[in-house]
$ cat structure_35.cif   # mmCIF, C-alpha atoms
data_input
loop_
_atom_site.label_atom_id
_atom_site.label_comp_id
_atom_site.auth_asym_id
_atom_site.auth_seq_id
_atom_site.Cartn_x
_atom_site.Cartn_y
_atom_site.Cartn_z
CA MET C 875 -103.96 29.73 40.33
CA ASP C 876 -100.88 31.58 39.09
CA GLY C 877 -97.56 31.56 40.93
CA LEU C 878 -98.01 34.85 42.81
CA THR C 879 -101.50 33.89 43.99
CA CYS C 880 -100.12 30.55 45.14
CA LEU C 881 -97.27 32.29 46.97
CA ARG C 882 -99.71 34.60 48.81
CA LYS C 883 -101.69 31.54 49.92
CA ILE C 884 -98.54 29.73 51.07
CA MET C 885 -97.42 32.74 53.11
CA ALA C 886 -100.88 33.19 54.63
CA ASP C 887 -101.63 29.53 55.43
CA HIS C 888 -98.26 27.84 55.99
CA PRO C 889 -95.21 30.12 55.70
CA MET C 890 -92.07 28.37 54.53
CA PRO C 891 -88.88 29.23 52.62
CA VAL C 892 -89.77 29.78 48.96
CA LEU C 893 -87.30 29.97 46.08
CA MET C 894 -88.72 31.40 42.85
CA VAL C 895 -87.59 30.30 39.39
CA SER C 896 -87.75 33.34 37.15
CA SER C 897 -87.20 34.11 33.49
CA LEU C 898 -84.73 36.85 32.61
CA THR C 899 -87.36 38.94 30.82
CA GLN C 900 -88.75 42.29 31.92
CA GLU C 901 -91.99 40.55 32.89
CA GLY C 902 -90.00 37.95 34.82
CA ALA C 903 -88.18 40.68 36.71
CA GLN C 904 -91.41 42.39 37.76
CA ALA C 905 -92.97 39.08 38.84
CA THR C 906 -89.86 38.17 40.81
CA LEU C 907 -89.81 41.51 42.62
CA ASP C 908 -93.50 41.03 43.44
CA ALA C 909 -92.70 37.56 44.80
CA LEU C 910 -89.87 38.86 46.98
CA SER C 911 -92.21 41.51 48.39
CA ILE C 912 -94.84 38.88 49.17
CA GLY C 913 -92.39 36.67 51.04
CA ALA C 914 -90.19 34.60 48.71
CA LEU C 915 -86.64 34.49 50.07
CA ASP C 916 -84.72 34.37 46.79
CA PHE C 917 -84.89 33.48 43.11
CA ILE C 918 -83.06 31.47 40.47
CA PRO C 919 -82.88 33.16 37.05
CA LYS C 920 -83.29 30.89 34.03
CA GLU C 921 -83.45 31.18 30.27
CA SER C 922 -86.82 31.27 28.56
CA SER C 923 -87.26 27.49 28.32
CA PHE C 924 -86.97 24.65 30.80
CA ALA C 925 -84.77 22.63 28.47
CA SER C 926 -82.47 20.19 30.23
CA MET C 927 -79.40 22.30 29.39
CA SER C 928 -81.02 25.31 31.08
CA ILE C 929 -81.51 23.27 34.26
CA LEU C 930 -77.92 22.00 34.14
CA GLN C 931 -76.66 25.59 33.87
CA ILE C 932 -78.35 26.60 37.13
CA GLN C 933 -77.88 23.25 38.90
CA GLN C 934 -75.06 24.24 41.27
CA ASP C 935 -76.64 27.57 42.23
CA LEU C 936 -80.03 25.90 42.67
CA GLN C 937 -78.67 23.18 44.96
CA GLU C 938 -76.74 25.64 47.11
CA LYS C 939 -79.69 28.00 47.50
CA VAL C 940 -82.11 25.19 48.40
CA ARG C 941 -79.69 23.95 51.08
CA ARG C 942 -79.13 27.39 52.57
CA LEU C 943 -82.73 28.58 52.45
CA ALA C 944 -83.87 25.35 54.12
CA THR C 945 -82.02 26.53 57.24
CA SER C 946 -82.75 30.24 56.93
CA PRO C 947 -82.81 32.06 60.29
CA ARG C 948 -85.90 33.85 58.98
CA PHE C 949 -87.93 30.67 59.48
CA HIS C 950 -85.93 28.66 61.99
CA ARG C 951 -85.16 31.19 64.72
CA SER C 952 -87.33 33.51 66.74
CA SER C 953 -87.11 36.78 64.83
CA PRO C 954 -89.09 40.03 64.86
CA SER C 955 -89.17 39.95 61.07
CA ALA C 956 -90.21 36.33 60.67
CA THR C 957 -93.64 35.85 59.19
CA GLN C 958 -94.30 32.74 61.26
CA PRO C 959 -91.17 30.89 62.39
CA SER C 960 -91.52 27.15 62.47
CA ALA C 961 -91.05 25.31 65.75
CA ALA C 962 -88.27 23.07 64.39
CA PRO C 963 -85.88 23.03 61.44
CA ALA C 964 -86.91 21.35 58.22
CA PRO C 965 -85.63 17.77 57.83
CA ALA C 966 -83.06 18.96 55.28
CA ALA C 967 -81.33 20.93 58.00
CA ALA C 968 -80.00 17.74 59.58
CA LYS C 969 -78.03 16.96 56.40
CA LEU C 970 -75.96 20.13 56.67
CA PRO C 971 -72.73 20.01 58.69
CA PRO C 972 -72.89 22.09 61.87
CA ARG C 973 -71.40 25.58 61.52
CA PRO C 974 -69.85 27.06 64.67
CA ALA C 975 -71.22 30.51 65.43
CA PRO C 976 -68.69 33.04 66.71
CA ALA C 977 -69.53 35.10 69.76
CA ALA C 978 -70.95 38.32 68.33
CA PRO C 979 -71.17 41.72 69.98
CA ALA C 980 -74.59 42.57 71.35
CA ALA C 981 -77.04 43.49 68.62
CA GLY C 982 -77.52 47.20 68.37
CA THR C 983 -74.10 48.10 69.80
CA GLY C 984 -73.51 51.68 68.74
CA ILE C 985 -70.82 52.93 66.40
CA PRO C 986 -68.11 54.80 68.33
CA ASN C 987 -68.34 58.58 68.47
CA SER C 988 -66.59 59.93 65.39
CA PRO C 989 -66.98 62.49 62.59
CA GLN C 990 -69.96 62.09 60.30
CA ALA C 991 -69.29 60.01 57.18
CA GLU C 992 -69.40 61.53 53.71
CA LEU C 993 -70.32 58.38 51.78
CA LEU C 994 -72.65 55.43 52.49
CA VAL C 995 -72.01 52.06 50.81
CA ILE C 996 -74.08 48.88 51.26
CA GLY C 997 -73.73 45.32 49.99
CA SER C 998 -76.39 42.60 49.99
CA SER C 999 -77.37 39.39 48.26
CA THR C 1000 -79.87 36.66 49.19
CA GLY C 1001 -82.71 38.37 51.05
CA GLY C 1002 -81.31 41.79 50.18
CA PRO C 1003 -84.21 43.13 48.09
CA LYS C 1004 -86.59 42.80 51.03
CA ALA C 1005 -84.02 44.16 53.48
CA LEU C 1006 -83.39 47.21 51.30
CA GLN C 1007 -87.16 47.75 51.00
CA ASP C 1008 -87.24 47.92 54.81
CA ILE C 1009 -84.23 50.24 55.22
CA LEU C 1010 -84.31 52.77 52.39
CA PRO C 1011 -87.90 54.05 52.82
CA ALA C 1012 -86.98 55.01 56.39
CA LEU C 1013 -84.27 57.42 55.17
CA PRO C 1014 -85.32 61.07 54.60
CA ALA C 1015 -84.96 62.97 51.35
CA ASP C 1016 -82.27 65.16 52.92
CA LEU C 1017 -79.80 62.28 53.37
CA PRO C 1018 -76.61 64.36 53.33
CA VAL C 1019 -74.47 61.86 51.40
CA PRO C 1020 -74.64 59.68 48.27
CA CYS C 1021 -75.38 55.98 48.81
CA LEU C 1022 -73.89 53.25 46.61
CA ILE C 1023 -75.49 49.77 46.75
CA VAL C 1024 -74.44 46.46 45.27
CA GLN C 1025 -77.26 43.91 45.26
CA HIS C 1026 -76.54 40.64 43.44
CA MET C 1027 -79.07 40.62 40.59
CA PRO C 1028 -79.18 39.88 36.86
CA SER C 1029 -78.89 42.85 34.49
CA THR C 1030 -82.59 42.80 33.56
CA PHE C 1031 -83.61 43.05 37.23
CA THR C 1032 -81.66 46.01 38.62
CA LYS C 1033 -83.44 48.87 36.83
CA PRO C 1034 -86.97 47.62 37.71
CA PHE C 1035 -85.72 47.11 41.27
CA ALA C 1036 -84.31 50.63 41.45
CA ASP C 1037 -87.51 52.07 39.97
CA ARG C 1038 -89.61 50.17 42.52
CA LEU C 1039 -87.51 51.48 45.39
CA ASP C 1040 -87.70 55.00 44.02
CA GLY C 1041 -91.48 54.78 44.13
CA ILE C 1042 -91.56 53.97 47.86
CA CYS C 1043 -88.61 56.05 49.13
CA GLN C 1044 -88.11 59.70 49.98
CA VAL C 1045 -84.53 59.52 48.74
CA HIS C 1046 -84.05 59.30 44.98
CA VAL C 1047 -83.14 55.76 43.89
CA LYS C 1048 -81.80 54.95 40.42
CA GLU C 1049 -79.74 52.43 38.51
CA ALA C 1050 -76.18 53.77 38.35
CA GLU C 1051 -74.79 55.05 35.04
CA GLN C 1052 -71.21 55.36 33.91
CA GLY C 1053 -69.54 58.65 34.79
CA GLU C 1054 -72.48 60.29 36.55
CA PRO C 1055 -71.52 62.58 39.44
CA LEU C 1056 -72.56 61.49 42.91
CA LYS C 1057 -75.22 63.59 44.62
CA ALA C 1058 -76.34 63.73 48.23
CA GLY C 1059 -79.78 62.24 48.81
CA THR C 1060 -79.43 59.82 45.88
CA VAL C 1061 -79.11 56.03 46.08
CA TYR C 1062 -77.28 54.34 43.20
CA ILE C 1063 -78.03 50.66 42.53
CA ALA C 1064 -75.22 48.84 40.70
CA PRO C 1065 -76.39 47.50 37.31
CA GLY C 1066 -76.40 43.72 37.01
CA GLY C 1067 -73.65 42.13 34.97
CA ILE C 1068 -71.03 44.84 35.56
CA HIS C 1069 -68.97 46.09 38.49
CA MET C 1070 -69.67 49.47 40.08
CA THR C 1071 -66.76 51.34 41.66
CA TYR C 1072 -66.16 54.73 43.22
CA GLY C 1073 -64.51 57.24 40.90
CA ALA C 1074 -62.50 60.09 42.43
CA ARG C 1075 -63.68 62.78 40.01
CA GLY C 1076 -65.93 65.73 40.78
CA PRO C 1077 -66.91 67.33 44.12
CA LYS C 1078 -68.36 64.12 45.63
CA GLY C 1079 -66.92 61.56 43.24
CA CYS C 1080 -68.64 59.70 40.43
CA ILE C 1081 -69.79 56.29 39.23
CA ASP C 1082 -67.41 54.05 37.32
CA LEU C 1083 -68.68 50.87 35.67
CA SER C 1084 -66.37 48.15 34.37
CA PRO C 1085 -66.43 44.43 33.50
CA GLU C 1086 -63.09 44.06 35.32
CA PRO C 1087 -62.16 42.02 37.23
CA VAL C 1088 -63.66 39.23 35.15
CA SER C 1089 -62.44 36.66 37.69
CA SER C 1090 -64.85 37.93 40.35
CA LEU C 1091 -67.45 35.37 41.47
CA HIS C 1092 -70.17 38.04 41.39
CA ARG C 1093 -70.75 40.84 38.92
CA PRO C 1094 -71.49 43.33 40.41
CA SER C 1095 -69.35 42.54 43.43
CA VAL C 1096 -69.56 44.11 46.88
CA ASP C 1097 -65.83 43.56 47.35
CA VAL C 1098 -65.01 45.43 44.14
CA LEU C 1099 -67.06 48.44 45.27
CA PHE C 1100 -65.72 48.45 48.83
CA LEU C 1101 -62.09 48.03 47.71
CA SER C 1102 -62.44 50.97 45.33
CA VAL C 1103 -63.75 53.14 48.17
CA ALA C 1104 -60.90 52.02 50.42
CA GLU C 1105 -58.39 52.91 47.73
CA LEU C 1106 -59.78 56.14 46.27
CA PHE C 1107 -62.17 57.81 48.72
CA ARG C 1108 -60.39 60.39 50.86
CA GLY C 1109 -63.22 61.20 53.27
CA GLN C 1110 -64.97 59.25 56.01
CA ALA C 1111 -67.15 56.34 54.80
CA PHE C 1112 -69.91 54.20 56.33
CA ALA C 1113 -70.12 50.60 55.07
CA GLY C 1114 -72.92 48.11 55.69
CA ILE C 1115 -73.28 44.42 54.85
CA LEU C 1116 -76.73 42.87 54.82
CA THR C 1117 -78.04 39.33 54.44
CA GLY C 1118 -76.43 37.22 51.74
CA MET C 1119 -74.89 33.90 50.80
CA GLY C 1120 -71.13 33.55 50.63
CA SER C 1121 -68.49 36.07 51.68
CA ASP C 1122 -68.64 38.88 49.12
CA GLY C 1123 -67.87 42.20 50.79
CA ALA C 1124 -65.87 40.92 53.77
CA LYS C 1125 -62.46 41.55 52.21
CA GLY C 1126 -63.49 45.01 51.03
CA MET C 1127 -65.01 45.93 54.39
CA GLU C 1128 -61.79 44.88 56.12
CA GLN C 1129 -59.82 47.25 53.89
CA MET C 1130 -62.31 50.07 54.45
CA LYS C 1131 -62.07 49.53 58.21
CA ARG C 1132 -58.28 49.84 58.02
CA LYS C 1133 -58.80 53.21 56.35
CA GLY C 1134 -61.04 54.35 59.21
CA ALA C 1135 -64.53 53.56 57.89
CA TYR C 1136 -67.47 52.85 60.22
CA THR C 1137 -68.88 49.40 59.62
CA LEU C 1138 -72.19 47.68 60.33
CA SER C 1139 -73.52 44.20 59.62
CA GLU C 1140 -76.98 42.70 59.87
CA ALA C 1141 -77.56 40.43 62.88
CA GLU C 1142 -77.93 36.71 62.29
CA GLU C 1143 -81.49 36.50 63.62
CA THR C 1144 -82.93 38.66 60.82
CA CYS C 1145 -80.74 37.48 57.94
CA VAL C 1146 -82.30 35.26 55.30
CA VAL C 1147 -78.81 33.74 54.93
CA TYR C 1148 -76.14 34.62 57.49
CA GLY C 1149 -73.20 34.35 55.11
CA MET C 1150 -71.83 37.73 54.08
CA PRO C 1151 -72.33 39.37 57.51
CA ARG C 1152 -70.75 36.34 59.21
CA ALA C 1153 -67.70 36.51 56.92
CA ALA C 1154 -67.20 40.20 57.70
CA PHE C 1155 -67.57 39.64 61.45
CA GLU C 1156 -65.11 36.76 61.42
CA ARG C 1157 -62.53 39.10 59.87
CA GLY C 1158 -62.93 41.36 62.90
CA CYS C 1159 -63.91 44.41 60.89
CA VAL C 1160 -67.48 45.04 62.12
CA ASP C 1161 -68.15 47.90 64.56
CA THR C 1162 -71.90 47.34 64.93
CA VAL C 1163 -74.17 44.29 64.64
CA ALA C 1164 -77.85 45.24 64.35
CA PRO C 1165 -81.08 43.42 63.47
CA LEU C 1166 -82.78 44.60 60.30
CA PRO C 1167 -85.52 46.72 61.99
CA GLU C 1168 -82.81 48.79 63.74
CA ILE C 1169 -80.43 49.42 60.82
CA ALA C 1170 -82.22 52.47 59.39
CA GLY C 1171 -82.17 54.00 62.88
CA HIS C 1172 -78.42 53.50 63.14
CA ILE C 1173 -77.94 55.21 59.78
CA ARG C 1174 -80.21 58.11 60.72
CA ARG C 1175 -78.48 58.65 64.05
CA HIS C 1176 -75.05 58.59 62.47
CA PHE C 1177 -76.03 61.20 59.86
CA ARG C 1178 -78.11 63.12 62.41
CA ILE C 1179 -81.26 63.02 60.28
#
$ encode --input "structure_35.cif" --output "structure tokens"
Amino acid sequence: MDGLTCLRKIMADHPMPVLMVSSLTQEGAQATLDALSIGALDFIPKESSFASMSILQIQQDLQEKVRRLATSPRFHRSSPSATQPSAAPAPAAAKLPPRPAPAAPAAGTGIPNSPQAELLVIGSSTGGPKALQDILPALPADLPVPCLIVQHMPSTFTKPFADRLDGICQVHVKEAEQGEPLKAGTVYIAPGGIHMTYGARGPKGCIDLSPEPVSSLHRPSVDVLFLSVAELFRGQAFAGILTGMGSDGAKGMEQMKRKGAYTLSEAEETCVVYGMPRAAFERGCVDTVAPLPEIAGHIRRHFRI
């Protein structure tokens, strides 16, 4: 059987964390998005051949993702979104050093009463494509603000991903383009391989794309987007951080919070990897912690839609 058929059988018969290895072609992008929809947790992009040099180039990322996905809360904690959580962690989990969990506010704690935001920004990474496919279709076409999203993905993946979301959402979803004016009811997905920032031009602002800073670990980077909003956006903003490995977005969310933004992070029990939300919470800049099935409701209530 082919890979997708095999994945469907795995998820039906014995659900477990699955990491896809995908080519960077258009066909590879579509197959990877199909796999993520079926139940794969993440993917490793590779060049067209499995030459030893290609494997060496992805070695560090591959090792880190295998270690983190082996202990994913999606499969090792009781969770409303888990397909079939296992009774005990995989053996690999014992090899990881214990990570102290900070005391978090109760999931679903509401954002304080305050004026309605004028811009929605979201960052996500590992597990993000599935999370966004759960959240965005629940938003109505009359979303009164633009929404900017950074999802860590290769450049060949972001347009097919945006097109797929557009086909299942009431809001308009597209890959962001340089200089385009922001419109209410439109979701802009940052293109892979380049940073997306907020530009303070036009009635609602615009999209700016840039390779700078080249030193950033991720391109696009959640931090780069959030920091640009903190610096240039003069209205009220709503920032969300979803599942993801690492800490991208925490620094930017902290700066947005200092400027008065409302902030939300995904709860640990529904994260594929509780990295980015944890980093933001540990900085003390999260107003609301909510499990994935409740996040769209929080957004709708805030914008009164």
$ atom_distance --input "structure_35.cif" --atom1 "atom CA of Leu1013 of chain C" --atom2 "atom CA of Arg1178 of chain C"
11.1 Å
$ atom_distance --input "structure_35.cif" --atom1 "atom CA of Leu1017 of chain C" --atom2 "atom CA of Val1047 of chain C"
12.0 Å
$ residues_around --input "structure_35.cif" --residues "Lys1057 of chain C" --least-positions-apart "2" --cutoff "10 Å" --atoms "only C-alpha atoms" --output "list in words"
Leu1017, Pro1018, Val1019, Pro1020, Cys1021, His1046, Glu1054, Pro1055, Gly1059, Thr1060, Val1061, Tyr1062, Pro1077, Lys1078, Gly1079 and Cys1080 of chain C
$ residues_around --input "structure_35.cif" --residues "Gly1067 of chain C" --least-positions-apart "2" --cutoff "10 Å" --atoms "only C-alpha atoms" --output "list in words"
His1026, Met1027, Pro1028, Ser1029, Thr1030, Thr1032, Ala1064, Pro1065, His1069, Met1070, Ser1084, Pro1085, His1092, Arg1093, Pro1094 and Ser1095 of chain C
$ write_last_selection --input "structure_35.cif" --atoms "C-alpha atoms" --output "PDB file, keeping the file's coordinate frame"
ATOM      1  CA  HIS C1026     -76.540  40.640  43.440  1.00  0.00           C
ATOM      2  CA  MET C1027     -79.070  40.620  40.590  1.00  0.00           C
ATOM      3  CA  PRO C1028     -79.180  39.880  36.860  1.00  0.00           C
ATOM      4  CA  SER C1029     -78.890  42.850  34.490  1.00  0.00           C
ATOM      5  CA  THR C1030     -82.590  42.800  33.560  1.00  0.00           C
ATOM      6  CA  THR C1032     -81.660  46.010  38.620  1.00  0.00           C
ATOM      7  CA  ALA C1064     -75.220  48.840  40.700  1.00  0.00           C
ATOM      8  CA  PRO C1065     -76.390  47.500  37.310  1.00  0.00           C
ATOM      9  CA  HIS C1069     -68.970  46.090  38.490  1.00  0.00           C
ATOM     10  CA  MET C1070     -69.670  49.470  40.080  1.00  0.00           C
ATOM     11  CA  SER C1084     -66.370  48.150  34.370  1.00  0.00           C
ATOM     12  CA  PRO C1085     -66.430  44.430  33.500  1.00  0.00           C
ATOM     13  CA  HIS C1092     -70.170  38.040  41.390  1.00  0.00           C
ATOM     14  CA  ARG C1093     -70.750  40.840  38.920  1.00  0.00           C
ATOM     15  CA  PRO C1094     -71.490  43.330  40.410  1.00  0.00           C
ATOM     16  CA  SER C1095     -69.350  42.540  43.430  1.00  0.00           C
TER      17      SER C1095
END
$ residues_around --input "structure_35.cif" --residues "segment 997-1010 of chain C" --least-positions-apart "2" --cutoff "6 Å" --atoms "all atoms listed in the file" --output "PyMOL selection string"
chain C and resi 915-916+1012-1013+1023-1026+1096+1115-1119+1146+1170
$ residues_around --input "structure_35.cif" --residues "Glu1105 of chain C" --least-positions-apart "5" --cutoff "10 Å" --atoms "all atoms listed in the file" --output "list in words"
Tyr1072, Ala1074, Phe1100, Gly1126, Gln1129, Met1130 and Lys1133 of chain C
$ resolve_selection --input "structure_35.cif" --expression "the PyMOL selection byres ((chain C and resi 893) around 12)" --output "PyMOL selection string"
chain C and resi 877+881+890-892+894-896+906+909-910+913-919+935-944+946+1000-1001+1146
$ residues_around --input "structure_35.cif" --residues "Ala1153 of chain C" --least-positions-apart "6" --cutoff "8 Å" --atoms "all atoms listed in the file" --output "count of residues only"
3
$ closest_residue --input "structure_35.cif" --among "C:Phe1035, C:Ser897, C:Arg1075, C:Met1150" --to "Lys920 of chain C" --atoms "all atoms listed in the file"
C:Ser897
$ closest_residue --input "structure_35.cif" --among "C:Ala905, C:Ile912, C:Ala1050, C:Ile1063" --to "Ile884 of chain C" --atoms "all atoms listed in the file"
C:Ile912
